[in-house]
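J.: model-v9.cif (mmCIF, C-alpha atoms and all ligand atoms) pasted underneath:
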```
data_run
loop_
_atom_site.group_PDB
_atom_site.id
_atom_site.type_symbol
_atom_site.label_atom_id
_atom_site.label_comp_id
_atom_site.auth_asym_id
_atom_site.auth_seq_id
_atom_site.Cartn_x
_atom_site.Cartn_y
_atom_site.Cartn_z
ATOM 1 C CA MET V 1 -22.711 27.582 -6.092
ATOM 2 C CA ARG V 2 -22.486 28.671 -2.478
ATOM 3 C CA ASP V 3 -21.215 31.952 -1.177
ATOM 4 C CA PRO V 4 -18.523 30.932 1.330
ATOM 5 C CA LEU V 5 -18.558 34.339 2.965
ATOM 6 C CA THR V 6 -21.961 33.567 4.432
ATOM 7 C CA LEU V 7 -20.419 30.701 6.361
ATOM 8 C CA ILE V 8 -17.827 32.569 8.363
ATOM 9 C CA SER V 9 -17.810 32.334 12.136
ATOM 10 C CA PRO V 10 -14.935 34.442 13.436
ATOM 11 C CA TYR V 11 -14.219 34.148 17.124
ATOM 12 C CA SER V 12 -12.268 36.541 19.260
ATOM 13 C CA SER V 13 -9.498 34.028 19.878
ATOM 14 C CA SER V 14 -8.267 30.627 18.796
ATOM 15 C CA GLU V 15 -9.190 29.430 22.287
ATOM 16 C CA GLU V 16 -12.807 30.449 21.801
ATOM 17 C CA ALA V 17 -12.972 28.817 18.354
ATOM 18 C CA ALA V 18 -11.600 25.573 19.798
ATOM 19 C CA GLN V 19 -14.044 25.709 22.716
ATOM 20 C CA VAL V 20 -16.983 26.173 20.348
ATOM 21 C CA LEU V 21 -15.977 23.236 18.201
ATOM 22 C CA ALA V 22 -15.404 20.977 21.204
ATOM 23 C CA GLN V 23 -18.773 21.994 22.620
ATOM 24 C CA SER V 24 -20.462 21.368 19.269
ATOM 25 C CA LEU V 25 -19.320 17.760 19.271
ATOM 26 C CA THR V 26 -21.462 16.832 22.248
ATOM 27 C CA GLN V 27 -24.483 18.470 20.653
ATOM 28 C CA ALA V 28 -23.892 16.815 17.280
ATOM 29 C CA MET V 29 -23.555 13.448 19.001
ATOM 30 C CA LEU V 30 -26.741 13.943 20.988
ATOM 31 C CA ALA V 31 -28.556 14.752 17.761
ATOM 32 C CA LYS V 32 -27.548 11.336 16.436
ATOM 33 C CA GLY V 33 -29.223 9.446 19.248
ATOM 34 C CA ASP V 34 -27.604 6.214 20.391
ATOM 35 C CA CYS V 35 -25.742 5.434 17.181
ATOM 36 C CA PRO V 36 -21.956 5.448 16.863
ATOM 37 C CA PHE V 37 -20.646 8.825 15.780
ATOM 38 C CA HIS V 38 -17.899 8.659 13.160
ATOM 39 C CA LEU V 39 -15.544 11.633 13.412
ATOM 40 C CA ALA V 40 -12.359 12.209 11.392
ATOM 41 C CA ILE V 41 -9.868 14.615 12.914
ATOM 42 C CA SER V 42 -6.901 16.449 11.432
ATOM 43 C CA GLY V 43 -3.374 16.958 12.596
ATOM 44 C CA GLY V 44 -0.898 19.787 12.422
ATOM 45 C CA SER V 45 -0.553 22.368 15.153
ATOM 46 C CA THR V 46 -3.982 24.052 15.102
ATOM 47 C CA PRO V 47 -6.169 21.354 16.715
ATOM 48 C CA LYS V 48 -3.796 20.674 19.623
ATOM 49 C CA ARG V 49 -5.686 22.966 21.977
ATOM 50 C CA LEU V 50 -9.002 21.557 20.740
ATOM 51 C CA PHE V 51 -7.871 18.067 21.675
ATOM 52 C CA GLU V 52 -6.636 19.276 25.061
ATOM 53 C CA ILE V 53 -10.056 20.788 25.725
ATOM 54 C CA LEU V 54 -11.729 17.508 24.860
ATOM 55 C CA GLY V 55 -9.349 15.676 27.157
ATOM 56 C CA ILE V 56 -9.349 17.816 30.252
ATOM 57 C CA SER V 57 -12.353 20.111 30.379
ATOM 58 C CA THR V 58 -15.899 19.627 31.573
ATOM 59 C CA ILE V 59 -16.812 19.512 27.881
ATOM 60 C CA GLY V 60 -14.810 16.301 27.611
ATOM 61 C CA GLN V 61 -16.314 14.934 30.800
ATOM 62 C CA ARG V 62 -19.810 15.245 29.341
ATOM 63 C CA LEU V 63 -18.946 13.691 25.998
ATOM 64 C CA PRO V 64 -20.514 10.265 25.344
ATOM 65 C CA TRP V 65 -17.100 8.815 24.516
ATOM 66 C CA HIS V 66 -18.426 5.276 24.208
ATOM 67 C CA ARG V 67 -20.302 6.289 21.037
ATOM 68 C CA LEU V 68 -17.420 8.213 19.529
ATOM 69 C CA VAL V 69 -15.373 6.552 16.798
ATOM 70 C CA ILE V 70 -12.335 8.585 15.851
ATOM 71 C CA TYR V 71 -10.453 8.354 12.550
ATOM 72 C CA TRP V 72 -7.736 10.506 11.046
ATOM 73 C CA ALA V 73 -8.188 12.683 7.979
ATOM 74 C CA ASP V 74 -4.475 12.204 7.357
ATOM 75 C CA GLU V 75 -1.234 10.983 8.833
ATOM 76 C CA ARG V 76 2.397 11.483 8.033
ATOM 77 C CA CYS V 77 4.360 8.324 7.150
ATOM 78 C CA VAL V 78 6.641 8.458 10.165
ATOM 79 C CA PRO V 79 6.971 6.490 13.410
ATOM 80 C CA THR V 80 4.589 7.468 16.213
ATOM 81 C CA ASP V 81 7.376 9.084 18.232
ATOM 82 C CA HIS V 82 8.413 11.329 15.326
ATOM 83 C CA PRO V 83 7.611 15.039 15.845
ATOM 84 C CA ASP V 84 5.571 15.012 12.600
ATOM 85 C CA SER V 85 3.266 12.199 13.724
ATOM 86 C CA ASN V 86 -0.339 13.368 14.005
ATOM 87 C CA HIS V 87 -1.093 10.463 16.316
ATOM 88 C CA GLY V 88 1.907 11.462 18.426
ATOM 89 C CA MET V 89 0.549 15.016 18.620
ATOM 90 C CA LEU V 90 -2.846 13.755 19.795
ATOM 91 C CA MET V 91 -1.250 11.520 22.387
ATOM 92 C CA SER V 92 0.862 14.345 23.752
ATOM 93 C CA ALA V 93 -2.195 16.637 23.810
ATOM 94 C CA ILE V 94 -4.602 14.263 25.536
ATOM 95 C CA GLY V 95 -3.216 10.751 25.425
ATOM 96 C CA GLY V 96 -3.320 10.273 29.161
ATOM 97 C CA ASP V 97 -6.721 11.883 29.482
ATOM 98 C CA LEU V 98 -8.442 9.877 26.753
ATOM 99 C CA PRO V 99 -10.990 7.424 28.168
ATOM 100 C CA HIS V 100 -9.312 4.597 26.248
ATOM 101 C CA HIS V 101 -11.644 1.938 27.677
ATOM 102 C CA GLU V 102 -14.690 3.705 26.188
ATOM 103 C CA LEU V 103 -13.432 5.264 23.019
ATOM 104 C CA THR V 104 -12.922 3.596 19.648
ATOM 105 C CA TYR V 105 -9.874 5.110 18.028
ATOM 106 C CA HIS V 106 -8.577 4.092 14.612
ATOM 107 C CA ARG V 107 -5.219 5.627 13.925
ATOM 108 C CA ILE V 108 -3.397 5.471 10.600
ATOM 109 C CA HIS V 109 -0.213 3.453 11.015
ATOM 110 C CA GLY V 110 2.245 6.006 9.695
ATOM 111 C CA GLU V 111 5.108 3.717 10.633
ATOM 112 C CA ASP V 112 3.989 0.990 8.203
ATOM 113 C CA ALA V 113 4.622 0.701 4.463
ATOM 114 C CA PRO V 114 2.315 3.341 2.895
ATOM 115 C CA ARG V 115 1.032 1.095 0.071
ATOM 116 C CA ARG V 116 -0.055 -1.559 2.549
ATOM 117 C CA GLU V 117 -1.374 0.896 5.118
ATOM 118 C CA VAL V 118 -3.501 2.850 2.644
ATOM 119 C CA LEU V 119 -5.305 -0.376 1.717
ATOM 120 C CA ARG V 120 -5.758 -1.374 5.352
ATOM 121 C CA TYR V 121 -7.153 2.013 6.361
ATOM 122 C CA ALA V 122 -9.544 2.185 3.405
ATOM 123 C CA GLN V 123 -10.830 -1.295 4.272
ATOM 124 C CA LEU V 124 -11.194 -0.294 7.910
ATOM 125 C CA LEU V 125 -13.319 2.675 6.868
ATOM 126 C CA ARG V 126 -15.426 0.486 4.596
ATOM 127 C CA ASP V 127 -15.956 -2.027 7.401
ATOM 128 C CA ASN V 128 -16.876 0.520 10.053
ATOM 129 C CA VAL V 129 -18.549 3.512 8.443
ATOM 130 C CA PRO V 130 -21.900 3.074 6.706
ATOM 131 C CA GLY V 131 -22.414 4.585 3.285
ATOM 132 C CA THR V 132 -22.195 3.769 -0.378
ATOM 133 C CA PRO V 133 -20.429 4.159 -2.746
ATOM 134 C CA LEU V 134 -18.164 5.816 -0.163
ATOM 135 C CA PRO V 135 -18.325 5.529 3.627
ATOM 136 C CA GLN V 136 -20.110 8.575 4.978
ATOM 137 C CA LEU V 137 -18.400 9.997 8.052
ATOM 138 C CA ASP V 138 -20.638 12.012 10.360
ATOM 139 C CA TRP V 139 -18.182 14.848 10.635
ATOM 140 C CA ILE V 140 -14.697 15.734 9.415
ATOM 141 C CA TRP V 141 -12.660 18.371 11.188
ATOM 142 C CA LEU V 142 -10.141 19.904 8.834
ATOM 143 C CA GLY V 143 -7.359 22.403 9.228
ATOM 144 C CA MET V 144 -5.644 24.192 6.387
ATOM 145 C CA GLY V 145 -1.969 24.678 5.607
ATOM 146 C CA LEU V 146 -0.407 27.943 4.507
ATOM 147 C CA ASP V 147 -0.569 26.746 0.893
ATOM 148 C CA GLY V 148 -4.266 25.834 1.143
ATOM 149 C CA HIS V 149 -3.747 22.114 1.636
ATOM 150 C CA VAL V 150 -6.339 20.224 3.656
ATOM 151 C CA ALA V 151 -5.768 16.840 5.241
ATOM 152 C CA SER V 152 -2.765 15.872 3.054
ATOM 153 C CA LEU V 153 -4.289 17.017 -0.229
ATOM 154 C CA PHE V 154 -1.769 19.488 -1.563
ATOM 155 C CA PRO V 155 -2.703 21.914 -4.348
ATOM 156 C CA GLU V 156 -1.789 20.623 -7.783
ATOM 157 C CA SER V 157 -0.085 17.501 -6.463
ATOM 158 C CA VAL V 158 -0.897 13.982 -7.526
ATOM 159 C CA LEU V 159 -2.591 11.574 -5.150
ATOM 160 C CA GLU V 160 -1.975 7.845 -5.478
ATOM 161 C CA GLU V 161 -5.451 6.568 -4.651
ATOM 162 C CA GLU V 162 -6.297 3.059 -3.529
ATOM 163 C CA PRO V 163 -8.899 1.278 -5.685
ATOM 164 C CA HIS V 164 -11.958 2.382 -3.679
ATOM 165 C CA GLY V 165 -11.095 6.084 -3.819
ATOM 166 C CA ILE V 166 -11.314 6.407 -0.031
ATOM 167 C CA CYS V 167 -7.678 7.072 0.838
ATOM 168 C CA GLY V 168 -4.527 7.894 -1.031
ATOM 169 C CA ILE V 169 -0.813 8.434 -0.660
ATOM 170 C CA SER V 170 0.453 11.955 -1.181
ATOM 171 C CA THR V 171 3.856 13.545 -0.952
ATOM 172 C CA ASN V 172 4.527 16.750 0.912
ATOM 173 C CA PRO V 173 5.967 18.901 -1.907
ATOM 174 C CA TYR V 174 8.253 20.783 0.489
ATOM 175 C CA SER V 175 9.811 17.923 2.451
ATOM 176 C CA GLY V 176 9.229 14.909 0.224
ATOM 177 C CA GLU V 177 7.613 13.150 3.201
ATOM 178 C CA GLN V 178 4.883 10.685 2.268
ATOM 179 C CA ARG V 179 1.447 10.978 3.798
ATOM 180 C CA ILE V 180 -1.756 8.963 3.892
ATOM 181 C CA THR V 181 -4.904 10.987 3.491
ATOM 182 C CA LEU V 182 -8.624 10.759 2.906
ATOM 183 C CA THR V 183 -9.414 11.609 -0.694
ATOM 184 C CA GLU V 184 -11.326 14.717 -1.643
ATOM 185 C CA ALA V 185 -14.250 12.490 -2.685
ATOM 186 C CA MET V 186 -14.274 10.925 0.772
ATOM 187 C CA ILE V 187 -14.300 14.361 2.399
ATOM 188 C CA MET V 188 -17.101 15.419 0.071
ATOM 189 C CA ALA V 189 -19.098 12.337 1.094
ATOM 190 C CA ALA V 190 -19.058 13.285 4.791
ATOM 191 C CA LYS V 191 -22.278 14.559 6.298
ATOM 192 C CA GLN V 192 -20.554 17.647 7.621
ATOM 193 C CA VAL V 193 -17.177 19.321 7.220
ATOM 194 C CA THR V 194 -15.743 21.963 9.516
ATOM 195 C CA PHE V 195 -12.550 23.913 9.000
ATOM 196 C CA LEU V 196 -10.762 25.202 12.092
ATOM 197 C CA VAL V 197 -8.172 27.760 11.012
ATOM 198 C CA THR V 198 -6.534 30.257 13.330
ATOM 199 C CA GLY V 199 -3.682 32.752 13.479
ATOM 200 C CA HIS V 200 -2.434 35.679 11.482
ATOM 201 C CA ALA V 201 -0.224 33.576 9.251
ATOM 202 C CA LYS V 202 -3.319 31.978 7.697
ATOM 203 C CA ALA V 203 -5.145 35.257 6.921
ATOM 204 C CA GLU V 204 -3.888 35.516 3.354
ATOM 205 C CA ILE V 205 -4.694 31.945 2.344
ATOM 206 C CA VAL V 206 -8.070 32.139 4.129
ATOM 207 C CA GLN V 207 -8.907 35.151 2.024
ATOM 208 C CA ARG V 208 -7.722 33.384 -1.135
ATOM 209 C CA VAL V 209 -9.793 30.305 -0.416
ATOM 210 C CA LEU V 210 -12.947 32.062 0.632
ATOM 211 C CA THR V 211 -12.911 34.490 -2.220
ATOM 212 C CA ALA V 212 -11.974 31.896 -4.825
ATOM 213 C CA SER V 213 -14.256 32.486 -7.736
ATOM 214 C CA ALA V 214 -14.731 28.938 -8.899
ATOM 215 C CA ALA V 215 -15.520 25.503 -7.594
ATOM 216 C CA ASP V 216 -12.670 24.228 -9.764
ATOM 217 C CA SER V 217 -10.058 26.206 -7.824
ATOM 218 C CA VAL V 218 -6.624 24.614 -7.522
ATOM 219 C CA LEU V 219 -7.093 24.858 -3.771
ATOM 220 C CA PRO V 220 -8.737 21.743 -2.277
ATOM 221 C CA ALA V 221 -10.124 23.849 0.580
ATOM 222 C CA ALA V 222 -11.929 26.109 -1.892
ATOM 223 C CA ARG V 223 -13.370 23.229 -3.909
ATOM 224 C CA ILE V 224 -14.721 21.551 -0.781
ATOM 225 C CA THR V 225 -16.140 24.808 0.534
ATOM 226 C CA TYR V 226 -17.943 25.594 -2.694
ATOM 227 C CA ARG V 227 -19.237 22.130 -3.392
ATOM 228 C CA HIS V 228 -20.080 20.617 -0.014
ATOM 229 C CA SER V 229 -23.616 21.289 1.208
ATOM 230 C CA LYS V 230 -22.753 21.448 4.908
ATOM 231 C CA VAL V 231 -19.483 23.171 5.576
ATOM 232 C CA ASP V 232 -18.491 25.568 8.353
ATOM 233 C CA TRP V 233 -15.430 27.699 8.822
ATOM 234 C CA LEU V 234 -14.337 28.396 12.361
ATOM 235 C CA LEU V 235 -11.815 31.204 12.349
ATOM 236 C CA ASP V 236 -10.358 33.459 14.957
ATOM 237 C CA MET V 237 -10.170 37.197 14.325
ATOM 238 C CA GLU V 238 -6.554 36.918 13.175
ATOM 239 C CA ALA V 239 -7.234 34.352 10.473
ATOM 240 C CA ALA V 240 -10.350 36.277 9.434
ATOM 241 C CA SER V 241 -8.611 39.656 9.490
ATOM 242 C CA THR V 242 -8.669 40.085 5.723
ATOM 243 C CA LEU V 243 -12.323 39.121 5.316
ATOM 244 C CA PRO V 244 -15.452 41.259 5.486
ATOM 245 C CA VAL V 245 -17.006 39.426 8.410
ATOM 246 C CA GLY V 246 -19.678 40.184 10.969
ATOM 247 C CA GLU V 247 -20.270 38.904 14.464
ATOM 248 C CA ALA V 248 -19.285 35.459 15.610
ATOM 249 C CA THR V 249 -21.989 32.897 15.113
ATOM 250 C CA PRO V 250 -22.027 29.277 16.184
ATOM 251 C CA PRO V 251 -21.519 26.585 13.552
ATOM 252 C CA ARG V 252 -24.630 26.392 11.418
ATOM 253 C CA HIS V 253 -25.724 22.931 12.418
ATOM 254 C CA LEU V 254 -26.434 24.012 15.992
HETATM 255 O O1 LIG R 301 0.058 18.957 7.329
HETATM 256 C C1 LIG R 301 -0.980 19.238 7.841
HETATM 257 O O2 LIG R 301 -1.380 20.516 7.824
HETATM 258 C C2 LIG R 301 -2.718 20.916 8.033
HETATM 259 C C3 LIG R 301 -2.644 22.271 8.706
HETATM 260 O O3 LIG R 301 -1.764 22.176 9.827
HETATM 261 P P1 LIG R 301 -1.431 23.393 10.796
HETATM 262 O O4 LIG R 301 -0.185 22.984 11.528
HETATM 263 O O5 LIG R 301 -1.223 24.602 9.964
HETATM 264 O O6 LIG R 301 -2.600 23.527 11.722
HETATM 265 C C4 LIG R 301 -3.489 19.889 8.853
HETATM 266 O O7 LIG R 301 -4.845 20.194 8.843
HETATM 267 C C5 LIG R 301 -3.227 18.490 8.352
HETATM 268 O O8 LIG R 301 -4.000 17.524 9.033
HETATM 269 C C6 LIG R 301 -1.778 18.227 8.568
HETATM 270 O O9 LIG R 301 -1.382 16.918 8.330
#
```
As a first step, turn the structure in this file into structure tokens.
T.:
Amino acid sequence: MRDPLTLISPYSSSEEAAQVLAQSLTQAMLAKGDCPFHLAISGGSTPKRLFEILGISTIGQRLPWHRLVIYWADERCVPTDHPDSNHGMLMSAIGGDLPHHELTYHRIHGEDAPRREVLRYAQLLRDNVPGTPLPQLDWIWLGMGLDGHVASLFPESVLEEEPHGICGISTNPYSGEQRITLTEAMIMAAKQVTFLVTGHAKAEIVQRVLTASAADSVLPAARITYRHSKVDWLLDMEAASTLPVGEATPPRHL
């Protein structure tokens, strides 16, 4: 079992944490040579600034976009112009600045029937991402909700998985909204997982997750952190305020 507290990288601000993660992408891609780099991103409010940085900064200008293949860790089952749409959030953050002619971007069609879309997206992952028995993404960027949910894996809620165990349909327990999400097994199969969690509101759940005593915690974030061999937590000082942390360090893979 790992000690999650050894993995903490608190940064002085959410801006700095986002900058570090954006910067790390170029380096991770360079380390993979000329091969396509399969990255799954998460939605919600936290990564908005991260995506803006990738779109508009010199970091984004240096990124080998033509090798980047972007997937979603989850999507809400709503039309793209709905305020809850993760794809909509990405488009408003950097849509116009994305080098669409270079990039390969596979969004989840939240506007389509979930049962059909979950099958399509799982097949798309099987067709594009190498790995067996599950496709092995190079990197998954996760956030975490106030209740400890990651992607759209909510604590103690049932996931309707498609037959390959790659994706599933979940229901937001607070709103009843359906979601399509990577499964926990699919997240565990990724080569690397990084959590980006910022802000004071998350301090309590961050502490709960990172001090969870067992790999069988009800919190998906805790299970992944304990069981995955290459996981990083990027926090700002606010989110890390309840943890006994030291100086900021870059993500471990660098
Ligand atoms: O519902 C979701 O929540 C989490 C966390 O979102 P945030 O707004 O607190 O940053 C997110 O990681 C996930 O992708 C999203 O669908």
J.: Calculated over all atoms listed in the file, which of the candidates V:Ile169, V:Val158, V:Leu125, V:Leu50 has the smallest distance to Ala113 (chain V)?
T.: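 Closest to Ala113 (chain V), using all atoms listed in the file: V:Ile169.
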J.: Please evaluate the PyMOL selection byres (((chain V and resi 144) around 12) and not hetatm) against the structure above and give the resulting residues as a PyMOL selection string.
T.: chain V and resi 42-47+73+141-143+145-155+194-199+201-206+209+219-222+224+233-235+239
J.: By how many Å are CA of Thr104 (chain V) and CA of Arg179 (chain V) apart?
T.: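 Computed distance, CA of Thr104 (chain V) to CA of Arg179 (chain V), equals 22.6 Å.
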J.: Run the PyMOL selection byres (((chain V and resi 76-93) around 6) and not hetatm) against the file shown and list the residues it catches, as a list in words.
T.: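 Selection result, ordered by chain and number: Gly43, Glu52, Glu75, Ile94, Gly95, Gly110, Glu111, Gln178 and Arg179 of chain V.
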J.: If I take CA of Ile53 (chain V) and CA of Val20 (chain V), how far is one from the other in Å, to one decimal?
T.: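 Between these atoms lies a distance of 10.3 Å.
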J.: What does the distance between CA of Arg208 (chain V) and CA of Lys191 (chain V) come to in Å, to one decimal place?
T.: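 One can read the CA of Arg208 (chain V) to CA of Lys191 (chain V) distance as 24.9 Å.
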J.: To test the calculation: enclose all listed atoms of ligand LIG 301 (chain R) in a box whose edges run along x, y and z, add 8 Å on each side, then state centre and edge lengths in Å to one decimal, as JSON.
T.:
```
{"center_x": -2.4, "center_y": 20.8, "center_z": 9.5, "size_x": 20.9, "size_y": 23.7, "size_z": 20.4}
```
J.: For a quick check of understanding, using only C-alpha atoms, which of V:Arg116, V:Tyr71, V:Ser24, V:Ala40 has the smallest distance to Ile59 (chain V)?
T.: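 Checking each of V:Arg116, V:Tyr71, V:Ser24, V:Ala40 against Ile59 (chain V), counting only C-alpha atoms, the winner is V:Ser24.
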J.: Taking into account only C-alpha atoms, which residue in the set V:Ile140, V:Leu30, V:Leu119, V:Met188 is nearest to Pro163 (chain V)?
T.: V:Leu119
J.: Give me the residues near Glu102 (chain V) as a PDB file with C-alpha atoms, in the frame of the given file, where near means some atom within 12 Å (using all atoms listed in the file) and where sequence neighbours in that chain fewer than 6 positions away do not count.
T.:
```
ATOM      1  CA  PRO V  36     -21.956   5.448  16.863  1.00  0.00           C
ATOM      2  CA  LEU V  63     -18.946  13.691  25.998  1.00  0.00           C
ATOM      3  CA  PRO V  64     -20.514  10.265  25.344  1.00  0.00           C
ATOM      4  CA  TRP V  65     -17.100   8.815  24.516  1.00  0.00           C
ATOM      5  CA  HIS V  66     -18.426   5.276  24.208  1.00  0.00           C
ATOM      6  CA  ARG V  67     -20.302   6.289  21.037  1.00  0.00           C
ATOM      7  CA  LEU V  68     -17.420   8.213  19.529  1.00  0.00           C
ATOM      8  CA  VAL V  69     -15.373   6.552  16.798  1.00  0.00           C
ATOM      9  CA  ILE V  70     -12.335   8.585  15.851  1.00  0.00           C
TER      10      ILE V  70
END
```
J.: Between V:Gly96, V:Pro244, V:Pro173, V:Pro133, which residue has the minimum interatomic distance to ligand LIG 301 (chain R), considering all atoms listed in the file?
T.: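 Ranked by minimum distance to ligand LIG 301 (chain R), first place goes to V:Pro173.
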J.: Fewer than 6 positions away in the same chain doesn't count, so skip those; otherwise give me all residues within 12 Å of Gln61 (chain V), counting all atoms listed in the file, as a ChimeraX atom specification.
T.: /V:22-23,26,53-55,97-99
J.: Generate a file of the selected residues that holds C-alpha atoms, formatted as a PDB file, in the frame of the given file.
T.:
```pdb
ATOM      1  CA  ALA V  22     -15.404  20.977  21.204  1.00  0.00           C
ATOM      2  CA  GLN V  23     -18.773  21.994  22.620  1.00  0.00           C
ATOM      3  CA  THR V  26     -21.462  16.832  22.248  1.00  0.00           C
ATOM      4  CA  ILE V  53     -10.056  20.788  25.725  1.00  0.00           C
ATOM      5  CA  LEU V  54     -11.729  17.508  24.860  1.00  0.00           C
ATOM      6  CA  GLY V  55      -9.349  15.676  27.157  1.00  0.00           C
ATOM      7  CA  ASP V  97      -6.721  11.883  29.482  1.00  0.00           C
ATOM      8  CA  LEU V  98      -8.442   9.877  26.753  1.00  0.00           C
ATOM      9  CA  PRO V  99     -10.990   7.424  28.168  1.00  0.00           C
TER      10      PRO V  99
END
```
J.: So which one's closest to Glu238 (chain V), V:His200, V:Ser14, V:Thr225, V:Pro114? Using only C-alpha atoms, please.
T.: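 Using only C-alpha atoms, Glu238 (chain V) sits closest to V:His200.
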J.: Could you name the residues that touch Gln192 (chain V) at 9 Å or less, counting only C-alpha atoms, but leaving out those on the same chain fewer than 5 positions away, as a list in words?
T.: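 Listing them by chain and then by number gives Leu137, Asp138, Trp139, Ile140, Trp141, Ile187, His228, Ser229, Lys230, Val231, Asp232 and His253 of chain V.
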J.: Using only C-alpha atoms and all ligand atoms, can you tell me which of V:Ile41, V:Cys35, V:Leu25, V:Val129 comes closest to ligand LIG 301 (chain R)?
T.: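 Nearest to ligand LIG 301 (chain R): V:Ile41.
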J.: Please check which residues have atoms at most 9 Å from (-9.7, 6.7, 1.7) in the file's coordinates, counting only C-alpha atoms, and write them as a list in words.
T.: Ala73, Val118, Leu119, Tyr121, Ala122, Gln123, Leu125, Arg126, Leu134, Pro135, Glu161, Glu162, His164, Gly165, Ile166, Cys167, Gly168, Ile180, Thr181, Leu182, Thr183, Glu184, Ala185, Met186 and Ile187 of chain V
